[in-house]
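Working notes, beginning with the structure itself.
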Amino acid sequence: MLNTIRVEENLQAKHIRPTAMRILVYKLLNSADKALALADIEHTFTSAERTTLFRTLKTFEEKGIVHQIQDGTGITKYALCEPNCNCELDRDLHLHFHCTICDDTVCLTEHKIPHINLPEGYKAEDANLVIKGVCDKCNSL
C-alpha cells in the first residue's frame, strides 16, 4: 500500500490539495482489487459526508486520478487511472470486465480499446467497453 507521503506527492502532481479525506479515498481506491461505487466508499468511511466523498471522486476524475466505469448496472464505479494516464481516447482507454455472479467490475488495463474511425463530423468524447461474464474467482467455485 502507498504511504501517505507518496499519496500526497501524487495528488500535488495533479494540482490537488491533499486533504485527509482525499488521501484516505486515494489509498482505498489504490488498495481495491475492483472498481468501487460511491456506496462502497461510503460504507468504508461511515462518518464522512456523502457530498464530501462525491466531490472527492469528481475532483479526482477531473484531474485524471480516477476514471468512471458504466458497467450496465446503473451504478457508476470508479477506479484509479494508470500512472501517466491522460484518459486520451486513442491511448489510455482499456476494457472493463463485469462479473454477472459477484457483481465486481475490474479494469483490464493491459487490453486497450483500439482506435475507432468515426464518420466525418462525429467527435468522440468518451468510450467505455465492458465485457460481461464470469470472473476467474467465480469461475473456480
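We label chains A, B, ... in the order they appear in the C-alpha cells, count residues from 1 in each chain, and number ligands from 1 in the order shown.
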
* Mind checking which residues fall within 12 Å of Asn10 (chain A), counting only C-alpha atoms, ignoring those fewer than 4 positions away in the same chain, and posting them as a ChimeraX atom specification? => /A:2-6,14-18,22-23,26-27,30,60,63-65,80-84

* Which polymer residues have any atom within 6 Å of an atom of region 109-121 of chain A, counting only C-alpha atoms, with same-chain residues fewer than 2 positions away left out, as a PyMOL selection string? -> chain A and resi 90+93-95+107

* **Close residues, region 134-136 of chain A itself excluded, 10 Å, only C-alpha atoms, min 5 positions apart in chain, as a PyMOL selection string** => chain A and resi 97-106+141

Taking N, CA and C atoms for each residue, export the selection above as a PDB file, in the first residue's frame.
ATOM      1  N   PHE A  97     -14.244  -5.494 -17.140  1.00  0.00           N
ATOM      2  CA  PHE A  97     -14.948  -6.767 -17.051  1.00  0.00           C
ATOM      3  C   PHE A  97     -15.901  -6.715 -15.870  1.00  0.00           C
ATOM      4  N   HIS A  98     -17.165  -7.053 -16.132  1.00  0.00           N
ATOM      5  CA  HIS A  98     -18.175  -7.087 -15.069  1.00  0.00           C
ATOM      6  C   HIS A  98     -18.630  -8.530 -14.883  1.00  0.00           C
ATOM      7  N   CYS A  99     -18.449  -9.040 -13.657  1.00  0.00           N
ATOM      8  CA  CYS A  99     -18.855 -10.409 -13.339  1.00  0.00           C
ATOM      9  C   CYS A  99     -20.345 -10.435 -13.020  1.00  0.00           C
ATOM     10  N   THR A 100     -21.066 -11.270 -13.723  1.00  0.00           N
ATOM     11  CA  THR A 100     -22.516 -11.362 -13.527  1.00  0.00           C
ATOM     12  C   THR A 100     -22.893 -12.175 -12.293  1.00  0.00           C
ATOM     13  N   ILE A 101     -21.897 -12.785 -11.650  1.00  0.00           N
ATOM     14  CA  ILE A 101     -22.182 -13.550 -10.429  1.00  0.00           C
ATOM     15  C   ILE A 101     -21.884 -12.709  -9.181  1.00  0.00           C
ATOM     16  N   CYS A 102     -20.653 -12.221  -9.044  1.00  0.00           N
ATOM     17  CA  CYS A 102     -20.282 -11.470  -7.833  1.00  0.00           C
ATOM     18  C   CYS A 102     -20.527  -9.965  -7.976  1.00  0.00           C
ATOM     19  N   ASP A 103     -20.840  -9.499  -9.171  1.00  0.00           N
ATOM     20  CA  ASP A 103     -21.151  -8.094  -9.459  1.00  0.00           C
ATOM     21  C   ASP A 103     -19.929  -7.177  -9.395  1.00  0.00           C
ATOM     22  N   ASP A 104     -18.714  -7.750  -9.328  1.00  0.00           N
ATOM     23  CA  ASP A 104     -17.494  -6.938  -9.334  1.00  0.00           C
ATOM     24  C   ASP A 104     -17.189  -6.471 -10.751  1.00  0.00           C
ATOM     25  N   THR A 105     -16.616  -5.286 -10.843  1.00  0.00           N
ATOM     26  CA  THR A 105     -16.143  -4.753 -12.118  1.00  0.00           C
ATOM     27  C   THR A 105     -14.666  -4.442 -11.954  1.00  0.00           C
ATOM     28  N   VAL A 106     -13.845  -4.916 -12.890  1.00  0.00           N
ATOM     29  CA  VAL A 106     -12.403  -4.710 -12.815  1.00  0.00           C
ATOM     30  C   VAL A 106     -11.897  -4.105 -14.121  1.00  0.00           C
ATOM     31  N   LEU A 141     -15.191 -21.558  -8.485  1.00  0.00           N
ATOM     32  CA  LEU A 141     -16.007 -22.075  -7.355  1.00  0.00           C
ATOM     33  C   LEU A 141     -16.723 -23.348  -7.736  1.00  0.00           C
TER      34      LEU A 141
END

* Based on DSSP run over this structure's backbone, return all residues of region 50-121 of chain A in strand (DSSP E), as an MDAnalysis selection string. => chainID A and resid 66:70 76:80 94:99 105:112

* Using only C-alpha atoms: which of A:Met21, A:Ile131, A:Asn139, A:Glu61 has the shortest distance to Glu42 (chain A) -> A:Met21

* DSSP helix (DSSP H, G or I) residues within region 30-72 of chain A, listed as a PyMOL selection string -> chain A and resi 30-31+38-44+50-62

Please write the residues from the selection above to a file, keeping N, CA and C atoms, as a CSV table (one decimal), in the first residue's frame.
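Saved to again-v6.csv:
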chain,number,residue,atom,x,y,z
A,30,ASN,N,-6.6,2.7,-4.3
A,30,ASN,CA,-5.4,2.0,-4.7
A,30,ASN,C,-5.3,0.6,-4.1
A,31,SER,N,-5.9,0.4,-3.0
A,31,SER,CA,-5.8,-1.0,-2.4
A,31,SER,C,-6.9,-1.9,-2.9
A,38,LEU,N,-19.7,4.8,-5.2
A,38,LEU,CA,-19.8,5.8,-4.1
A,38,LEU,C,-20.3,5.1,-2.9
A,39,ALA,N,-21.2,4.2,-3.0
A,39,ALA,CA,-21.8,3.5,-1.8
A,39,ALA,C,-20.7,2.6,-1.1
A,40,ASP,N,-19.8,2.0,-1.9
A,40,ASP,CA,-18.7,1.2,-1.3
A,40,ASP,C,-17.8,2.1,-0.5
A,41,ILE,N,-17.5,3.3,-1.0
A,41,ILE,CA,-16.6,4.2,-0.3
A,41,ILE,C,-17.3,4.7,0.9
A,42,GLU,N,-18.6,5.0,0.8
A,42,GLU,CA,-19.4,5.5,2.0
A,42,GLU,C,-19.4,4.4,3.1
A,43,HIS,N,-19.5,3.2,2.7
A,43,HIS,CA,-19.6,2.1,3.6
A,43,HIS,C,-18.2,2.0,4.4
A,44,THR,N,-17.1,2.3,3.7
A,44,THR,CA,-15.8,2.3,4.4
A,44,THR,C,-15.6,3.5,5.3
A,50,ARG,N,-21.5,12.2,2.5
A,50,ARG,CA,-21.7,11.7,1.2
A,50,ARG,C,-21.2,12.8,0.2
A,51,THR,N,-21.5,14.0,0.4
A,51,THR,CA,-21.2,15.1,-0.6
A,51,THR,C,-19.7,15.2,-0.6
A,52,THR,N,-19.0,15.1,0.5
A,52,THR,CA,-17.5,15.2,0.5
A,52,THR,C,-16.9,14.1,-0.3
A,53,LEU,N,-17.4,12.9,-0.1
A,53,LEU,CA,-16.9,11.8,-0.9
A,53,LEU,C,-17.2,11.9,-2.4
A,54,PHE,N,-18.4,12.4,-2.7
A,54,PHE,CA,-18.7,12.6,-4.1
A,54,PHE,C,-17.8,13.7,-4.8
A,55,ARG,N,-17.7,14.8,-4.1
A,55,ARG,CA,-16.8,15.8,-4.6
A,55,ARG,C,-15.4,15.4,-4.7
A,56,THR,N,-14.9,14.5,-3.8
A,56,THR,CA,-13.5,14.0,-3.9
A,56,THR,C,-13.4,13.2,-5.2
A,57,LEU,N,-14.4,12.3,-5.5
A,57,LEU,CA,-14.3,11.5,-6.7
A,57,LEU,C,-14.4,12.4,-7.9
A,58,LYS,N,-15.3,13.4,-7.9
A,58,LYS,CA,-15.4,14.3,-9.1
A,58,LYS,C,-14.1,15.1,-9.3
A,59,THR,N,-13.4,15.5,-8.2
A,59,THR,CA,-12.2,16.2,-8.3
A,59,THR,C,-11.1,15.3,-8.9
A,60,PHE,N,-11.1,14.0,-8.4
A,60,PHE,CA,-10.1,13.0,-8.9
A,60,PHE,C,-10.4,12.8,-10.4
A,61,GLU,N,-11.6,12.7,-10.8
A,61,GLU,CA,-12.0,12.4,-12.2
A,61,GLU,C,-11.5,13.6,-13.1
A,62,GLU,N,-11.9,14.8,-12.7
A,62,GLU,CA,-11.5,16.0,-13.4
A,62,GLU,C,-10.0,16.1,-13.6

* Gap from CA of Leu24 (chain A) to CA of Gln68 (chain A) - Å, one decimal -> 18.6 Å

* **For CA of Leu11 (chain A) and CA of Gly74 (chain A), the interatomic separation in Å (one decimal)** => 28.9 Å

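Take the candidates A:Val66, A:Val7, A:His96, A:Glu49 and check each one against Gly133 (chain A) using only C-alpha atoms; the shortest distance goes to A:His96.
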
* In Å, how far is it from CA of Gln12 (chain A) to CA of Tyr78 (chain A)? ->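 Value for the CA of Gln12 (chain A)-CA of Tyr78 (chain A) distance: 20.1 Å.
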